[in-house]
Amino acid sequence: MDKRETIIIVGGGVFGLSTALNLAQDGFRSITVLDRSMPPVPDGSSNDISRVIRFDYGDKVYAEMGKEAYDLWNTQPEYANSFHQTPCVWTAQQSGPANLVSSGGSDFIRKTKEILTNMGAEWHGLENMEALKARFPTISGNPIGDGFEGFYNTEAGWADAGLAIAGLRDRCIVAGINFVTGTHGQVTGLQKGADGTITAVKTAEGNLIRGDKFIFATGAWTASLIPSWNSMVATGQIVGFLRLTPEEVKALKDLPIVFNLSTGFFIFPPHEDSGYLKVACHSFGYTLSSLVEGEDVSSPPSSAISARANFIPEEGRQRLLAGLGEILPQLVSRGFEKTAICWYNETPTGDFVFDYHPDHKNLFIATGGTGHAYKFLPVIGKYIAGAFQQKLSPELLQKWKFHTEYNKQEKDDVFTGTKSRKGGDGSRGGPKRREFTPQEKDNLLSLTNALAKRSAKL
Ligand SMILES: Cc1cc2nc3c(=O)[nH]c(=O)nc-3n(C[C@H](O)[C@H](O)[C@H](O)COP(=O)(O)OP(=O)(O)OC[C@H]3O[C@@H](n4cnc5c(N)ncnc54)[C@H](O)[C@@H]3O)c2cc1C
Ligand SMILES: *[C@@H]1O[C@H](CO)[C@@H](O)[C@H](O)[C@H]1NC(C)=O
């Protein structure tokens, strides 16, 4: 590939920025990142106070990549301000509550332990709830459930997601990468040549930005921007932030990350800088659909750039509080200071998409984070740039290909079939995916628009 070509990367999240930096380090001379906002983008999926860093995976490729990334998070000076080493605990109940989609928790635990063992990585079994509480005494709740299973890995942690993205952005700037943001960087359409080659992207300012190659790393927005061939779906996931006192932050500092695979619930240790305790659900999520060229497409509320609205469905709030009650019951009555919907771009198998688009030969897609991509920040650029230059092994190119065969299948079948019901790698739990109700949609969109108006005035 000619390194003097002009590369336009749309999207400055973990995928876009890490690709940009890797290509620059590899000698590409003209790289421009476009985004709706300067990264860390307030409502981008790569931005939050925390993301789990782990290599516990039921899939060998992600386990090994996760280990490669973990070692860098843990040792490299550029991540020292954002990475916090903390054990990660996985729990599941063999017989989950009847109202929940059957969880692949047990399966995930078995496969993951096997893969860790084969990698020569250490993990520690937890026989029962008592063992969990004895090892992690900050867990004050009395989780109950039949057939408890669990283990933990001390080689894990969490990263201050916004902070690490800001560092990555700064390294991109030093490497000579251009940024175009706001309405000047917000892409509204493609300009195509007769053979489907993309010649330029159109922006909200009405400008054309030309390039030789285009990389769309547009996360959960992707299917609303380009034909997705029924191979991805954006889902909203629930997050809650609970205000702690400085004393509580101290008292809870040894809380591990705990995943409950039966419900999808997970909890982080306190975030000292903000004083927040964060909980979330790694579940099947909600869709927010609208018609794009005659097709139902789910996407985040994309009208304007703003912080995430303080909104989740009431039933989601109850799920977060129930999960919290199993771990730290003393905090349930306090409730959340704020909640948020954060967006996954899901693929049917949970695999990323790093491939050229079937309709446009100079359009490369880097998306499909499926709720687990952030941790790969230190290494993923190498893999995406490798796929972009078709230099990866045939196995990896195959794993991350753009699937066209789903187009012939029913959406429901592709995304709620047995495979995806287990969340690709079986790490999801919780109720079935559903569309936001009209009332929930209304609330989410009006709160988001109000925030956007306020930030436009500043
Ligand atoms: C609640 C939640 C918890 C998660 N927890 C974890 C975790 O613990 N560990 C982990 O590893 N991963 C986690 N993830 C997943 C991880 O955060 C994502 O997989 C990852 O951030 C996706 O990165 P991205 O670059 O694809 O998307 P994004 O960061 O969303 O980047 C896409 C960018 O495209 C831009 N864009 C969109 N449309 C346009 C347009 N028209 N013009 C210009 N720019 C545009 C957006 O503004 C955005 O900045 C979590 C995700 C969520 C939502
Ligand atoms: C996980 O959730 C199940 C179902 O609600 C519950 O019975 C169990 O106690 C929870 N486990 C932990 C460790 O919180």
# chains A, B, ... in the order shown; residues from 1 in each chain; ligands from 1
>>> residues_around(residues="Glu127 in chain A", least_positions_apart="2", cutoff="8 Å", atoms="only C-alpha atoms", output="number ranges by chain")
A: 125, 129-132, 148-150
>>> residues_near_ligand(ligand="ligand 2", cutoff="7 Å", atoms="only C-alpha atoms and all ligand atoms", output="list in words")
Thr91, Ala92, Gln93, Gly96, Pro97, Pro143, Ile144, Gly145, Asn260, Leu261, Ser262, Thr263, Gly323, Glu326 and Ile327 of chain A
>>> residues_around(residues="Trp343 in chain A", least_positions_apart="4", cutoff="6 Å", atoms="only C-alpha atoms", output="PyMOL selection string")
chain A and resi 45+235-236
>>> write_last_selection(atoms="N, CA, C and O atoms", output="PDB file, in the first residue's frame")
ATOM      1  N   SER A  45     -18.645   5.515  22.980  1.00  0.00           N
ATOM      2  CA  SER A  45     -18.576   4.336  23.849  1.00  0.00           C
ATOM      3  C   SER A  45     -17.223   4.188  24.519  1.00  0.00           C
ATOM      4  O   SER A  45     -17.108   3.493  25.527  1.00  0.00           O
ATOM      5  N   THR A 235     -26.935  -1.581  20.524  1.00  0.00           N
ATOM      6  CA  THR A 235     -27.787  -1.810  21.695  1.00  0.00           C
ATOM      7  C   THR A 235     -27.370  -0.889  22.838  1.00  0.00           C
ATOM      8  O   THR A 235     -26.185  -0.690  23.085  1.00  0.00           O
ATOM      9  N   GLY A 236     -28.382  -0.358  23.530  1.00  0.00           N
ATOM     10  CA  GLY A 236     -28.131   0.497  24.687  1.00  0.00           C
ATOM     11  C   GLY A 236     -28.033  -0.356  25.945  1.00  0.00           C
ATOM     12  O   GLY A 236     -28.843  -1.259  26.145  1.00  0.00           O
TER      13      GLY A 236
END
>>> residues_near_ligand(ligand="ligand 1", cutoff="7 Å", atoms="only C-alpha atoms and all ligand atoms", output="ChimeraX atom specification")
/A:10-16,34-37,39,41,43-47,51-53,185-188,217-222,225,237-239,280,341-344,367-376
>>> select_by_dssp(residues="range 136-369 of chain A", states="alpha helix (DSSP H)", output="VMD selection string")
chain A and resid 161 to 174 222 to 225 246 to 251 314 to 327
>>> residues_around(residues="Tyr383 in chain A", least_positions_apart="5", cutoff="9 Å", atoms="only C-alpha atoms", output="short mmCIF file (atom, residue, chain, number, x, y, z; two decimals) with C-alpha atoms, in the first residue's frame")
data_model
loop_
_atom_site.label_atom_id
_atom_site.label_comp_id
_atom_site.auth_asym_id
_atom_site.auth_seq_id
_atom_site.Cartn_x
_atom_site.Cartn_y
_atom_site.Cartn_z
CA THR A 19 -5.64 2.66 14.04
CA PHE A 354 -12.04 -5.29 10.45
CA PHE A 388 -6.41 -2.76 6.50
CA LEU A 392 -2.82 -10.48 9.12
CA LEU A 396 -7.57 -13.49 11.80
#
>>> closest_residue(among="A:Tyr152, A:Phe108, A:Tyr286, A:Tyr406", to="Phe136 in chain A", atoms="only C-alpha atoms")
A:Tyr152
>>> residues_around(residues="range 137-139 of chain A", least_positions_apart="3", cutoff="7 Å", atoms="only C-alpha atoms", output="list in words")
Lys133, Ala134, Leu252, Asp254, Leu255, Ile327 and Leu328 of chain A
